[in-house]
Amino acid sequence: MDGEKMTDVICIGAAVVDIPLRPVSKNIFDIESYPVDRIAMTIGGDAINEATIISRLGYKTALMSKVGEDAAGKFILDFCQKEGIDTEALNIDPKVDTSINVGLVTEDGERTFVTNRNGSLWKTDITDVDFSKFKGARLLTLASIFNCPLLDNKSLVQIFKKAKEENMIICADMIKPRFSEKLEDIGEALGYIDYFFPNYDEACLLSGEKDLDAVADSFLKYGVKHVIIKTGKEGCFIKTKEKSVKVPAISGIKAIDTIGAGDNFAAGFITALLDGKELINCAQFANAAASIAVQNPGATTGVLNKKQVEKVFEYYG
């Protein structure tokens with residue numbers, strides 16, 4: 001390709017604008033004028049968060065999502081250009097509004113979002129996936145199952161089949177089901193996933209189990225090759241058909257903002273995987289990336305380069 005570097009990673013999912021408000025408390029509606037430290041537009045959405053961090057960690061990344069032909073959409077495009085993210089397959093649709101999420105963040109870093117049910121995130125579907133970009137790519141990450149409701153099991157199976165035809169590694173994260181979907185509703189799609197990154201609460205809700213082993217087994221039963229359950233301050237839990245292991249988090253971390261922590265974890269894991277690291281080392285590298293992220297406001301202000309994460313990764317010795 002005339003010396004042009006092939007795409008390493010395809011990120012599919014949400015690209016939105018976040019407006020985080022911090023710190024807020026539950027009595028926000030009891031006060032006529034509520035002061036916060038800062039109100040500003042920031043980049044958000046699982047796919048663009050992952051794409052940003054993976055790109056900063058050294059791999060050429062393409063983003064597949066939908067945005068509107070509006071100020072928020074331009075904000076996203078400008079950000080991608082600055083970060084070196086390939087937007088050739090990013091669909092700019094003049095008929096939709098780019099999704100904007102208002103994030104309410106508490107003093108201890110927990111958050112909730114106010115979202116637009118008619119924004120681009122809710123309109124993203126299989127037509128926003130450019131299969132021609134799959135050729136030569138090494139890995140596909142579906143940033144969050146259930147986040148874009150129109151990317152349902154049937155669509156995911158179609159996407160994952162195409163990825164496997166190109167011998168791509170398939171990774172996926174998830175959010176809590178939006179419409180009370182059950183595990184069996186995405187069972188066929190799960191069978192294509194090589195590395196799955198749910199957090200504990202999401203995995204429990206979907207599986208109906210509480211014990212880590214039982215939760216992981218629920219996904220292994222459907223054919224997931226490696227289940228990596230994010231357990232917050234505890235780190236993560238890995239299970240395959242052959243073994244299981246708990247990987248502790250980086251100690252001594254004071255979280256100020258957990259927005260995008262899971263996306264940074266996934267990006268760190270994917271980077272380590274492409275680097276050729278062993279499974280446990282991939283999880284450790286992912287924990288290192290997440291630990292940097294939660295000490296900074298927003299999803300993409302913490303992790304800036306690979307050396308930064310490698311230095312924290314040395315914690316594991």
# chains A, B, ... in the order shown; residues from 1 in each chain; ligands from 1
>>> closest_atom_pairs(of="segment 96-165 of chain A", to="segment 64-72 of chain A", cutoff="6 Å", atoms="only C-alpha atoms", output="Markdown table")
| residue | atom | partner | partner_atom | distance |
| --- | --- | --- | --- | --- |
| A:Val96 | CA | A:Gly68 | CA | 5.1 |
| A:Asp97 | CA | A:Gly68 | CA | 4.9 |
| A:Thr98 | CA | A:Gly68 | CA | 4.5 |
| A:Ser120 | CA | A:Val67 | CA | 5.5 |
| A:Thr124 | CA | A:Lys66 | CA | 5.7 |
>>> closest_atom_pairs(of="segment 38-121 of chain A", to="segment 13-29 of chain A", cutoff="7 Å", atoms="only C-alpha atoms", output="Markdown table")
| residue | atom | partner | partner_atom | distance |
| --- | --- | --- | --- | --- |
| A:Arg38 | CA | A:Leu21 | CA | 6.8 |
| A:Ile39 | CA | A:Leu21 | CA | 6.0 |
| A:Ala40 | CA | A:Ile19 | CA | 5.8 |
| A:Met41 | CA | A:Ile19 | CA | 5.0 |
| A:Thr42 | CA | A:Asp18 | CA | 5.1 |
| A:Ile43 | CA | A:Val17 | CA | 4.9 |
| A:Gly44 | CA | A:Val16 | CA | 5.0 |
| A:Gly45 | CA | A:Ala15 | CA | 4.6 |
| A:Asp46 | CA | A:Ala14 | CA | 5.5 |
| A:Ala47 | CA | A:Gly13 | CA | 4.8 |
| A:Ile48 | CA | A:Ala15 | CA | 5.2 |
| A:Met64 | CA | A:Gly13 | CA | 6.7 |
| A:Ser65 | CA | A:Gly13 | CA | 5.6 |
| A:Ala72 | CA | A:Val17 | CA | 6.4 |
| A:Thr98 | CA | A:Val16 | CA | 6.5 |
| A:Ser99 | CA | A:Val16 | CA | 5.2 |
| A:Ile100 | CA | A:Val17 | CA | 4.7 |
| A:Asn101 | CA | A:Asp18 | CA | 4.8 |
| A:Val102 | CA | A:Ile19 | CA | 4.7 |
| A:Gly103 | CA | A:Pro20 | CA | 4.3 |
| A:Leu104 | CA | A:Leu21 | CA | 5.1 |
| A:Val105 | CA | A:Arg22 | CA | 4.9 |
| A:Thr106 | CA | A:Pro23 | CA | 4.9 |
| A:Glu107 | CA | A:Pro23 | CA | 5.1 |
| A:Leu121 | CA | A:Ala14 | CA | 5.7 |
>>> residues_around(residues="Ile169 of chain A", least_positions_apart="6", cutoff="12 Å", atoms="only C-alpha atoms", output="ChimeraX atom specification")
/A:8-10,134,136-142,160-163,192-196,225-226,270,273-274
>>> residues_around(residues="Ala289 of chain A", least_positions_apart="2", cutoff="7 Å", atoms="only C-alpha atoms", output="PyMOL selection string")
chain A and resi 264-265+268+285-287+291-293+303+309
>>> select_by_dssp(residues="segment 151-199 of chain A", states="helix (DSSP H, G or I)", output="PyMOL selection string")
chain A and resi 153-165+183-190
>>> write_last_selection(atoms="N, CA and C atoms", output="PDB file, in the first residue's frame")
ATOM      1  N   ASN A 153     -28.109  -8.896  18.141  1.00  0.00           N
ATOM      2  CA  ASN A 153     -27.425 -10.178  17.952  1.00  0.00           C
ATOM      3  C   ASN A 153     -27.230 -10.502  16.474  1.00  0.00           C
ATOM      4  N   LYS A 154     -28.271 -10.306  15.666  1.00  0.00           N
ATOM      5  CA  LYS A 154     -28.176 -10.616  14.237  1.00  0.00           C
ATOM      6  C   LYS A 154     -27.078  -9.780  13.572  1.00  0.00           C
ATOM      7  N   SER A 155     -27.033  -8.492  13.903  1.00  0.00           N
ATOM      8  CA  SER A 155     -26.009  -7.614  13.333  1.00  0.00           C
ATOM      9  C   SER A 155     -24.622  -8.003  13.810  1.00  0.00           C
ATOM     10  N   LEU A 156     -24.502  -8.304  15.108  1.00  0.00           N
ATOM     11  CA  LEU A 156     -23.199  -8.671  15.659  1.00  0.00           C
ATOM     12  C   LEU A 156     -22.675  -9.954  15.025  1.00  0.00           C
ATOM     13  N   VAL A 157     -23.545 -10.906  14.806  1.00  0.00           N
ATOM     14  CA  VAL A 157     -23.127 -12.154  14.159  1.00  0.00           C
ATOM     15  C   VAL A 157     -22.590 -11.858  12.765  1.00  0.00           C
ATOM     16  N   GLN A 158     -23.278 -11.002  12.034  1.00  0.00           N
ATOM     17  CA  GLN A 158     -22.822 -10.636  10.683  1.00  0.00           C
ATOM     18  C   GLN A 158     -21.447  -9.958  10.739  1.00  0.00           C
ATOM     19  N   ILE A 159     -21.277  -9.040  11.676  1.00  0.00           N
ATOM     20  CA  ILE A 159     -20.000  -8.334  11.829  1.00  0.00           C
ATOM     21  C   ILE A 159     -18.888  -9.303  12.215  1.00  0.00           C
ATOM     22  N   PHE A 160     -19.163 -10.152  13.198  1.00  0.00           N
ATOM     23  CA  PHE A 160     -18.138 -11.060  13.704  1.00  0.00           C
ATOM     24  C   PHE A 160     -17.763 -12.127  12.674  1.00  0.00           C
ATOM     25  N   LYS A 161     -18.731 -12.584  11.895  1.00  0.00           N
ATOM     26  CA  LYS A 161     -18.432 -13.557  10.836  1.00  0.00           C
ATOM     27  C   LYS A 161     -17.460 -12.963   9.822  1.00  0.00           C
ATOM     28  N   LYS A 162     -17.726 -11.723   9.432  1.00  0.00           N
ATOM     29  CA  LYS A 162     -16.842 -11.042   8.477  1.00  0.00           C
ATOM     30  C   LYS A 162     -15.442 -10.890   9.064  1.00  0.00           C
ATOM     31  N   ALA A 163     -15.381 -10.555  10.351  1.00  0.00           N
ATOM     32  CA  ALA A 163     -14.078 -10.398  11.006  1.00  0.00           C
ATOM     33  C   ALA A 163     -13.310 -11.716  11.015  1.00  0.00           C
ATOM     34  N   LYS A 164     -13.998 -12.798  11.294  1.00  0.00           N
ATOM     35  CA  LYS A 164     -13.339 -14.106  11.334  1.00  0.00           C
ATOM     36  C   LYS A 164     -12.877 -14.540   9.943  1.00  0.00           C
ATOM     37  N   GLU A 165     -13.623 -14.135   8.927  1.00  0.00           N
ATOM     38  CA  GLU A 165     -13.197 -14.432   7.555  1.00  0.00           C
ATOM     39  C   GLU A 165     -11.864 -13.768   7.242  1.00  0.00           C
ATOM     40  N   LEU A 183     -29.173 -13.331  28.392  1.00  0.00           N
ATOM     41  CA  LEU A 183     -27.930 -13.892  27.863  1.00  0.00           C
ATOM     42  C   LEU A 183     -28.161 -14.627  26.550  1.00  0.00           C
ATOM     43  N   GLU A 184     -29.247 -15.387  26.494  1.00  0.00           N
ATOM     44  CA  GLU A 184     -29.519 -16.161  25.277  1.00  0.00           C
ATOM     45  C   GLU A 184     -29.811 -15.266  24.071  1.00  0.00           C
ATOM     46  N   ASP A 185     -30.195 -14.016  24.317  1.00  0.00           N
ATOM     47  CA  ASP A 185     -30.491 -13.098  23.210  1.00  0.00           C
ATOM     48  C   ASP A 185     -29.246 -12.715  22.427  1.00  0.00           C
ATOM     49  N   ILE A 186     -28.067 -12.821  23.056  1.00  0.00           N
ATOM     50  CA  ILE A 186     -26.808 -12.526  22.349  1.00  0.00           C
ATOM     51  C   ILE A 186     -25.905 -13.763  22.296  1.00  0.00           C
ATOM     52  N   GLY A 187     -26.487 -14.923  22.589  1.00  0.00           N
ATOM     53  CA  GLY A 187     -25.709 -16.155  22.678  1.00  0.00           C
ATOM     54  C   GLY A 187     -24.934 -16.493  21.423  1.00  0.00           C
ATOM     55  N   GLU A 188     -25.554 -16.332  20.259  1.00  0.00           N
ATOM     56  CA  GLU A 188     -24.874 -16.678  19.013  1.00  0.00           C
ATOM     57  C   GLU A 188     -23.681 -15.764  18.781  1.00  0.00           C
ATOM     58  N   ALA A 189     -23.852 -14.468  19.050  1.00  0.00           N
ATOM     59  CA  ALA A 189     -22.760 -13.506  18.868  1.00  0.00           C
ATOM     60  C   ALA A 189     -21.608 -13.802  19.828  1.00  0.00           C
ATOM     61  N   LEU A 190     -21.931 -14.182  21.051  1.00  0.00           N
ATOM     62  CA  LEU A 190     -20.882 -14.461  22.043  1.00  0.00           C
ATOM     63  C   LEU A 190     -19.933 -15.552  21.565  1.00  0.00           C
TER      64      LEU A 190
END
>>> closest_residue(among="A:Asp128, A:Glu310, A:Asp78, A:Asp86", to="Ala62 of chain A", atoms="only C-alpha atoms")
A:Asp86
>>> atom_distance(atom1="atom CA of Lys95 of chain A", atom2="atom CA of Ile259 of chain A")
28.7 Å
>>> closest_residue(among="A:Thr240, A:Thr300, A:Asn167, A:Gln308", to="Ala51 of chain A", atoms="only C-alpha atoms")
A:Thr300
>>> select_by_dssp(residues="segment 6-181 of chain A", states="strand (DSSP E or B)", output="PyMOL selection string")
chain A and resi 9-12+16-22+38+42-44+61-64+66-68+86+91-93+97+100-105+111-114+119+139-145+169-174
>>> closest_residue(among="A:Ile54, A:Ile145, A:Cys236, A:Cys204", to="Asp275 of chain A", atoms="only C-alpha atoms")
A:Ile54
